[in-house]
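Asker: Below: one structure in structure tokens.
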Amino acid sequence: MKRILTTCEFCGCGCNFYLGVEDNRVVAIYPSVSHPVSQGRLCIKGWQGHEYIHSSERLTTPLIKEKDGFREASWDETYRVIADKFNQIRSQYGNDSIAVLSSAKCTNEENYLMQKFARACLGTNNVDHCARLCHASTVVGLAATLGSGAMTNSINEIEGADVIFIIGSNTTEQHPLIANRIIRAIERGAEVIVADPRKTQLAKLCSLHLMHKPGSDVALLNGMMSVIISEGLEDKEFIAERTEGFEGLKKAVADCTLERSSEIAGVPVESIIEAARIYAESKKSIIVYSMGITQHSTGVDNVMSCANLAMLTGNVGKEFTGVDPLRGQNNVQGACDMGALPNVFPGYQSVTDEKLRAKFEKAWGVNLPSQSGLTVVEMLSSVLEGKIKTMYIMGENPMVSDPDLNHVEECLKALDFLTVQDIFLTETASLADVVLPGVSFAEKDGTFTSTERRIQRVRKAIEPLGNSKPDWKIITDLSSRLGYTMEYDSPAEIMTEVVELTPIYGGISYERLEGEGLQWPCPTPDHPGTPYLHKGSFSRGLGKFSPVSYKPPMELPDVDYPFILTTGRISFHFHTGTMTRKDWALDRECPKGYVEVNSEDAKELGIRDGQMAKVISQRGEINLPLRSVDTIRRGVVFIPFHFAEAAANRLTAANLDPVAKIPEYKVCACRLERG
Amino acid sequence: MKILDKAKLSQFLEGLKPKYEVIAPLHEGKDILFGRLDSTKLAIDFVGKTRLSPKEYLFPQREVLFTFEENKKVEIKAYLDETKRVIWGIRPCDLHGIKILNMVYFSDYIDPYYQARSTNTLLLGLNCNEAEASCFCSSLGTGPFAREGFDLLFTDLGDTFLVEIGSKAGEMLIEEANLFIEAAEKDKEKAKMLESKSKQSFANQIDIKKVEGKLPDVLDNPLWAEEADKCFLCGACNFVCPACHCFNIEDIKVGQRTERVRYWDSCQLGGFTQMAAYNSRTAQVERLRQRIYHKFSYIPDRYNGQLGCTGCGRCIDVCLGEIDIAQILRKVANE
């Protein structure tokens, strides 16, 4: 048996394990004991989640759609069909009629190539990926306040905090290794506060659980800040030395009375006071948040409120203090770092900055577009407006993951031509005109960047299955066909180019990544990497208080749709389930979707545990079994979004944050009937 | 009792290669894993245990039992692994784990797959001179020095190994190698001294008699629910356990063929035993409690008082919820 050390392909924790390989088949898993995050531990997906690699449903040859369905095709023919179509559409409608979706599941090298392909080969900034749907508000909100849109701490620091305030993160299920550090902190005597409409595992184990209403985060956080300021618990020295704009915050917070906060959030005044005191009185407080904060039409406001709270109490920029957005995908941090976003080149260098653009034009040998491109949800809407004619989607499945699926389907079907690159014939790939078979993480080399900004190696363990090709190879082939030559012998060579153009990755090389990897910023070859951000000064210089006032979600319950629907993930599955639902062990734990309802509400609805319920929103309806629980706030229902046949996103709305363009997955109105 | 120069260990193991597949703890990067011998990587002086025990050489994580093709005459091809194998460096806790596996797989029904591997494998143990924080074998009598269940047993005396012979097959290995000399009385004395020193290095102590006495009375104790609340449902406690032996069987399509495969399974998961219609233990508290009772009550009842726990503490080291079996046992003892 061969054993190959690699980085996990599921969440953003970035665990390392060895793949045991016999006869080109993954047959065993060995967690790495020496790895700083995994420390010999794995979650169920890490232990049991890799059988999909060898699924008989894997795509192993290119497919071209004919009248009566797909037929197998050669790479040569498939590339020719795509190139002809792209050329025709570009000459007829212009470069910006093409849109590209890159992938947080793919490597840094592949994301780098994909955005380079969009910008340099196709001449458009219409490149985005699913970070838009998870942490776009973090990228905007933390950049505005702290200067860098990434987790400020290292995962291991969390264990050393005295207070951990978790808001909008079911850490146990989504980031198990981070939840492990939180439990260790609890055992050490740390106080943990959880704000979540559901009684999650950590809400059971913590010292204080605020079961606030979905979408009331700003009110809750402003309430806490008003307590801190009125009781004089703010860190005056920190505010004076390291921040600006405090007076504005003070005023905004004063406008928000504690009673009003309490009423909006549905949390007792005393609990808000207690939470504020616990958080502010400690000098080692960390805020952990995730999609419960970001996936709102006020996502940026929510994120800025978290940053405000941390700066107010001096709990950022020092070890064991910080603001920690937990990134959901194995490489969503990296895909952002690599500029798979419509407004920035790799390393968050703005496409509208002439000097930076000139740097990339010189390196890539072409003129580059100067306007920001479209975001994920905007791309789709633009199809119906006739602006986008073709899309090239790599390793994403918007037909399950995007909000308002009936609308998504309409948009994708309205395209002149759709190219999908994936390892399975997903719901999205089924709609494609051409399907390109990429490979799993086990079949290629590269790097992933975890939620703690740790850049780590992904190592090829097996040969690509059938006639499939590594995604980086497909992009370079296609680019060359379109007349923009990309020639790289290996992902290491791609990384060399990334390093030259991306200051925060400036000191990275594959040699240096052996062992534990490196945490960016790592600007020079002798730089040791950065365990926590904003030491001494913020990335933007002074931290900027950004006062916000509460705005309600864009869709609220009413007489016809009396419940708040909130969506999310569960520990046994990942995103659209294309991988985890093909794994016997994970599928066995949760083979189908369900709607979680408070037992009192279920009783009033007259639907018993296990019975079918019909959940209806203004956009669609789905049927699924009801789970009657005592662990969710009354008036709120939860549906995991992994299941295409009962897709939560048939119900959700594409209500976007005005700046980050992230959809409000966490709040829409629905009603329940007997199914 | 024999003596082998430590410097000659790899020569001894290399010498077995023509006849055997030799498995030993190896340095892989900064980790230590059991694998096919590569002398340049051999981990001779490692302290404590590897994350996975070598049980997978008898009971693999994934094992193809047979394959068949549908749509024509059904042809079945069975796979028995009859590779002649020697495993060196097995800790006493892991030897006890293999003993449990033997009892289960050779009891009412003899498992041919396990039997094929087991009868072709020689077990070369390695005593522990030092405990890790999670180790508690000394409280269970399963370590830190082994008493049985090995073909040869090595004790690290510093520059040499003291080697105890446990079987005829083990003795043959020594004779054929021609590298071992007779042990002197002082070597045996030194081993005894090391054993008592090793026992003193255990911070984790459990009064197992007390635990066994209390177990029948604590079934409804609130402690089980408190512990179950911490469970992440990852199954790791079972996967790393040297004595856990439960599996699930799946049919996996490979082109035209179908492989019938057995995989390690976990009694901590809701889907466990679903092939028998459903899992009767629907709540995590029942499943966690079952793990403890199975190891400390049901297995001993069934197999001559042998514990189903080896005291290795691996389940403590891998638990995301920091559930600590030794703590649980102490709580039970103190009830």
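Identifiers in this document derive from the order of the structure tokens: chains are assigned A, B, ..., residues are numbered from 1 separately in each chain, and ligands are numbered from 1 in order of occurrence.
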Please list as a list in words every residue within 8 Å of Ile158 in chain A, counting only C-alpha atoms and excluding residues in the same chain fewer than 5 positions away.

Answerer: Asn153, Ile164, Ile178, Arg181, Ile182, Ala185, Ile286 and Phe320 of chain A

Asker: Next, dump the selected residues to file, keeping only C-alpha atoms, as an mmCIF file, in the first residue's frame.

Answerer:
```cif
data_model
loop_
_atom_site.group_PDB
_atom_site.id
_atom_site.type_symbol
_atom_site.label_atom_id
_atom_site.label_comp_id
_atom_site.auth_asym_id
_atom_site.auth_seq_id
_atom_site.Cartn_x
_atom_site.Cartn_y
_atom_site.Cartn_z
ATOM 1 C CA ASN A 153 -6.723 33.915 14.358
ATOM 2 C CA ILE A 164 -15.644 32.562 22.827
ATOM 3 C CA ILE A 178 -12.667 24.098 15.428
ATOM 4 C CA ARG A 181 -10.883 23.501 20.181
ATOM 5 C CA ILE A 182 -13.960 25.237 21.619
ATOM 6 C CA ALA A 185 -11.510 25.693 25.869
ATOM 7 C CA ILE A 286 -12.736 35.641 20.317
ATOM 8 C CA PHE A 320 -6.218 34.731 21.709
#
```

Asker: Compile the residues of chain A that lie within 6 Å of chain B, evaluated using only C-alpha atoms, and express the compilation as a list in words.

Answerer: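 Going by the stated atoms only, the list reads Val27, Ala28, Ser34, Arg41, Cys43, Ile44, Ser56, Asn180, Arg588 and Glu589 of chain A.
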
Asker: Next, the residues of the selection above should be written as a PDB file, in the first residue's frame with all heavy atoms.

Answerer:
```
ATOM      1  N   VAL A  27      -8.035   2.972  -0.496  1.00  0.00           N
ATOM      2  CA  VAL A  27      -8.613   1.906   0.322  1.00  0.00           C
ATOM      3  C   VAL A  27      -8.537   2.182   1.823  1.00  0.00           C
ATOM      4  O   VAL A  27      -9.092   1.429   2.616  1.00  0.00           O
ATOM      5  CB  VAL A  27      -7.939   0.541   0.035  1.00  0.00           C
ATOM      6  CG1 VAL A  27      -8.195   0.101  -1.401  1.00  0.00           C
ATOM      7  CG2 VAL A  27      -6.443   0.584   0.329  1.00  0.00           C
ATOM      8  N   ALA A  28      -7.853   3.243   2.218  1.00  0.00           N
ATOM      9  CA  ALA A  28      -7.705   3.472   3.658  1.00  0.00           C
ATOM     10  C   ALA A  28      -7.389   4.938   3.935  1.00  0.00           C
ATOM     11  O   ALA A  28      -6.919   5.663   3.059  1.00  0.00           O
ATOM     12  CB  ALA A  28      -6.588   2.588   4.211  1.00  0.00           C
ATOM     13  N   SER A  34       0.806  14.545  13.384  1.00  0.00           N
ATOM     14  CA  SER A  34       1.720  15.683  13.520  1.00  0.00           C
ATOM     15  C   SER A  34       1.118  16.976  12.969  1.00  0.00           C
ATOM     16  O   SER A  34       1.671  18.048  13.173  1.00  0.00           O
ATOM     17  CB  SER A  34       3.032  15.382  12.790  1.00  0.00           C
ATOM     18  OG  SER A  34       2.791  15.234  11.402  1.00  0.00           O
ATOM     19  N   ARG A  41      -6.945  13.632  14.492  1.00  0.00           N
ATOM     20  CA  ARG A  41      -8.403  13.519  14.560  1.00  0.00           C
ATOM     21  C   ARG A  41      -8.992  13.814  13.188  1.00  0.00           C
ATOM     22  O   ARG A  41      -8.417  14.551  12.397  1.00  0.00           O
ATOM     23  CB  ARG A  41      -8.978  14.540  15.544  1.00  0.00           C
ATOM     24  CG  ARG A  41      -8.584  14.353  16.973  1.00  0.00           C
ATOM     25  CD  ARG A  41      -8.936  15.631  17.734  1.00  0.00           C
ATOM     26  NE  ARG A  41      -9.112  15.412  19.152  1.00  0.00           N
ATOM     27  CZ  ARG A  41      -8.152  15.499  20.049  1.00  0.00           C
ATOM     28  NH1 ARG A  41      -6.919  15.792  19.671  1.00  0.00           N
ATOM     29  NH2 ARG A  41      -8.397  15.297  21.322  1.00  0.00           N
ATOM     30  N   CYS A  43     -13.261  14.245  11.302  1.00  0.00           N
ATOM     31  CA  CYS A  43     -14.707  14.117  11.476  1.00  0.00           C
ATOM     32  C   CYS A  43     -15.185  12.938  10.637  1.00  0.00           C
ATOM     33  O   CYS A  43     -14.403  12.273   9.972  1.00  0.00           O
ATOM     34  CB  CYS A  43     -15.405  15.406  11.055  1.00  0.00           C
ATOM     35  SG  CYS A  43     -15.419  15.650   9.270  1.00  0.00           S
ATOM     36  N   ILE A  44     -16.479  12.715  10.626  1.00  0.00           N
ATOM     37  CA  ILE A  44     -16.971  11.539   9.892  1.00  0.00           C
ATOM     38  C   ILE A  44     -16.703  11.655   8.396  1.00  0.00           C
ATOM     39  O   ILE A  44     -16.423  10.656   7.734  1.00  0.00           O
ATOM     40  CB  ILE A  44     -18.463  11.274  10.179  1.00  0.00           C
ATOM     41  CG1 ILE A  44     -18.866   9.929   9.567  1.00  0.00           C
ATOM     42  CG2 ILE A  44     -19.356  12.413   9.694  1.00  0.00           C
ATOM     43  CD1 ILE A  44     -20.191   9.394  10.018  1.00  0.00           C
ATOM     44  N   SER A  56     -19.078   4.636  -9.499  1.00  0.00           N
ATOM     45  CA  SER A  56     -19.305   4.271 -10.906  1.00  0.00           C
ATOM     46  C   SER A  56     -20.004   5.401 -11.662  1.00  0.00           C
ATOM     47  O   SER A  56     -20.100   5.366 -12.878  1.00  0.00           O
ATOM     48  CB  SER A  56     -20.141   2.990 -10.984  1.00  0.00           C
ATOM     49  OG  SER A  56     -21.368   3.202 -10.321  1.00  0.00           O
ATOM     50  N   ASN A 180     -13.905  21.277  18.213  1.00  0.00           N
ATOM     51  CA  ASN A 180     -13.059  20.529  19.156  1.00  0.00           C
ATOM     52  C   ASN A 180     -12.236  21.486  20.022  1.00  0.00           C
ATOM     53  O   ASN A 180     -12.141  21.315  21.241  1.00  0.00           O
ATOM     54  CB  ASN A 180     -12.142  19.573  18.387  1.00  0.00           C
ATOM     55  CG  ASN A 180     -11.043  18.978  19.251  1.00  0.00           C
ATOM     56  OD1 ASN A 180      -9.876  19.317  19.101  1.00  0.00           O
ATOM     57  ND2 ASN A 180     -11.432  18.118  20.180  1.00  0.00           N
ATOM     58  N   ARG A 588     -26.046   6.710   4.480  1.00  0.00           N
ATOM     59  CA  ARG A 588     -26.792   5.909   5.445  1.00  0.00           C
ATOM     60  C   ARG A 588     -27.204   6.752   6.658  1.00  0.00           C
ATOM     61  O   ARG A 588     -28.286   6.594   7.208  1.00  0.00           O
ATOM     62  CB  ARG A 588     -25.902   4.740   5.904  1.00  0.00           C
ATOM     63  CG  ARG A 588     -26.600   3.708   6.741  1.00  0.00           C
ATOM     64  CD  ARG A 588     -25.619   2.645   7.199  1.00  0.00           C
ATOM     65  NE  ARG A 588     -24.675   3.198   8.171  1.00  0.00           N
ATOM     66  CZ  ARG A 588     -23.793   2.470   8.843  1.00  0.00           C
ATOM     67  NH1 ARG A 588     -23.690   1.180   8.615  1.00  0.00           N
ATOM     68  NH2 ARG A 588     -22.982   3.033   9.708  1.00  0.00           N
ATOM     69  N   GLU A 589     -26.330   7.667   7.057  1.00  0.00           N
ATOM     70  CA  GLU A 589     -26.647   8.496   8.232  1.00  0.00           C
ATOM     71  C   GLU A 589     -27.778   9.468   7.934  1.00  0.00           C
ATOM     72  O   GLU A 589     -28.548   9.813   8.838  1.00  0.00           O
ATOM     73  CB  GLU A 589     -25.415   9.253   8.702  1.00  0.00           C
ATOM     74  CG  GLU A 589     -24.349   8.382   9.329  1.00  0.00           C
ATOM     75  CD  GLU A 589     -24.900   7.464  10.407  1.00  0.00           C
ATOM     76  OE1 GLU A 589     -25.452   7.962  11.398  1.00  0.00           O
ATOM     77  OE2 GLU A 589     -24.779   6.229  10.239  1.00  0.00           O
TER      78      GLU A 589
END
```

Asker: Excluding range 307-310 of chain B and any residue of its chain fewer than 5 positions from it, enumerate the residues within 7 Å of it, using only C-alpha atoms, and give them as a short mmCIF file (atom, residue, chain, number, x, y, z; two decimals) with N, CA, C and O atoms, in the first residue's frame.

Answerer:
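Output file result-v3.cif follows:
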```cif
data_model
loop_
_atom_site.label_atom_id
_atom_site.label_comp_id
_atom_site.auth_asym_id
_atom_site.auth_seq_id
_atom_site.Cartn_x
_atom_site.Cartn_y
_atom_site.Cartn_z
N CYS B 93 -1.16 -3.53 24.16
CA CYS B 93 -2.59 -3.21 24.05
C CYS B 93 -3.12 -3.75 22.73
O CYS B 93 -4.24 -4.29 22.67
N HIS B 96 -3.61 -7.43 22.75
CA HIS B 96 -4.87 -7.76 23.40
C HIS B 96 -6.04 -7.55 22.44
O HIS B 96 -6.98 -8.35 22.39
N GLY B 97 -5.96 -6.49 21.65
CA GLY B 97 -7.00 -6.23 20.65
C GLY B 97 -7.14 -7.39 19.69
O GLY B 97 -8.25 -7.83 19.36
N ILE B 100 -8.98 -10.24 21.15
CA ILE B 100 -10.44 -10.07 21.10
C ILE B 100 -10.96 -10.39 19.69
O ILE B 100 -11.96 -11.10 19.52
N CYS B 137 -3.58 0.88 30.10
CA CYS B 137 -3.55 -0.58 30.03
C CYS B 137 -3.11 -1.19 31.36
O CYS B 137 -3.54 -2.29 31.71
N THR B 142 -3.69 -5.33 30.66
CA THR B 142 -3.40 -5.67 29.26
C THR B 142 -2.03 -5.14 28.83
O THR B 142 -1.62 -5.30 27.69
N ALA B 243 -9.67 -3.31 19.31
CA ALA B 243 -10.54 -4.46 19.58
C ALA B 243 -11.88 -4.38 18.87
O ALA B 243 -12.59 -5.38 18.78
N LYS B 295 -17.85 -3.34 26.02
CA LYS B 295 -16.44 -3.61 26.30
C LYS B 295 -16.19 -4.13 27.71
O LYS B 295 -15.29 -4.93 27.92
N PHE B 296 -16.97 -3.64 28.67
CA PHE B 296 -16.67 -3.96 30.05
C PHE B 296 -17.66 -4.92 30.70
O PHE B 296 -17.47 -5.32 31.84
N ILE B 299 -18.79 -8.35 26.52
CA ILE B 299 -17.67 -9.17 26.01
C ILE B 299 -17.08 -10.03 27.12
O ILE B 299 -16.91 -11.25 26.94
N PRO B 300 -16.78 -9.47 28.29
CA PRO B 300 -16.28 -10.33 29.37
C PRO B 300 -17.24 -11.46 29.73
O PRO B 300 -16.81 -12.59 29.98
#
```

Asker: Write out as a VMD selection string which residues come within 7 Å of range 424-432 of chain A when counting only C-alpha atoms, dropping same-chain ones fewer than 4 positions away.

Answerer: chain A and resid 57 to 59 397 to 399 413 418 to 420 578

Asker: For the residues in the current selection, export C-alpha atoms as a CSV table (one decimal), in the first residue's frame.

Answerer:
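Resulting contents of part_34.csv:
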```csv
chain,number,residue,atom,x,y,z
A,57,GLU,CA,-21.1,7.5,-11.6
A,58,ARG,CA,-17.9,9.4,-12.1
A,59,LEU,CA,-17.6,11.2,-15.4
A,397,ASN,CA,-23.7,23.1,-8.8
A,398,PRO,CA,-25.9,26.2,-8.8
A,399,MET,CA,-28.9,24.1,-9.6
A,413,LYS,CA,-31.9,27.0,-19.8
A,418,LEU,CA,-23.5,26.0,-21.3
A,419,THR,CA,-20.2,24.3,-20.5
A,420,VAL,CA,-19.9,22.4,-17.2
A,578,THR,CA,-22.7,15.4,-5.2
```

Asker: DSSP on the backbone, helix (DSSP H, G or I) only: what residues of range 61-241 of chain B does that give? Format it as a count of residues only.

Answerer: 72
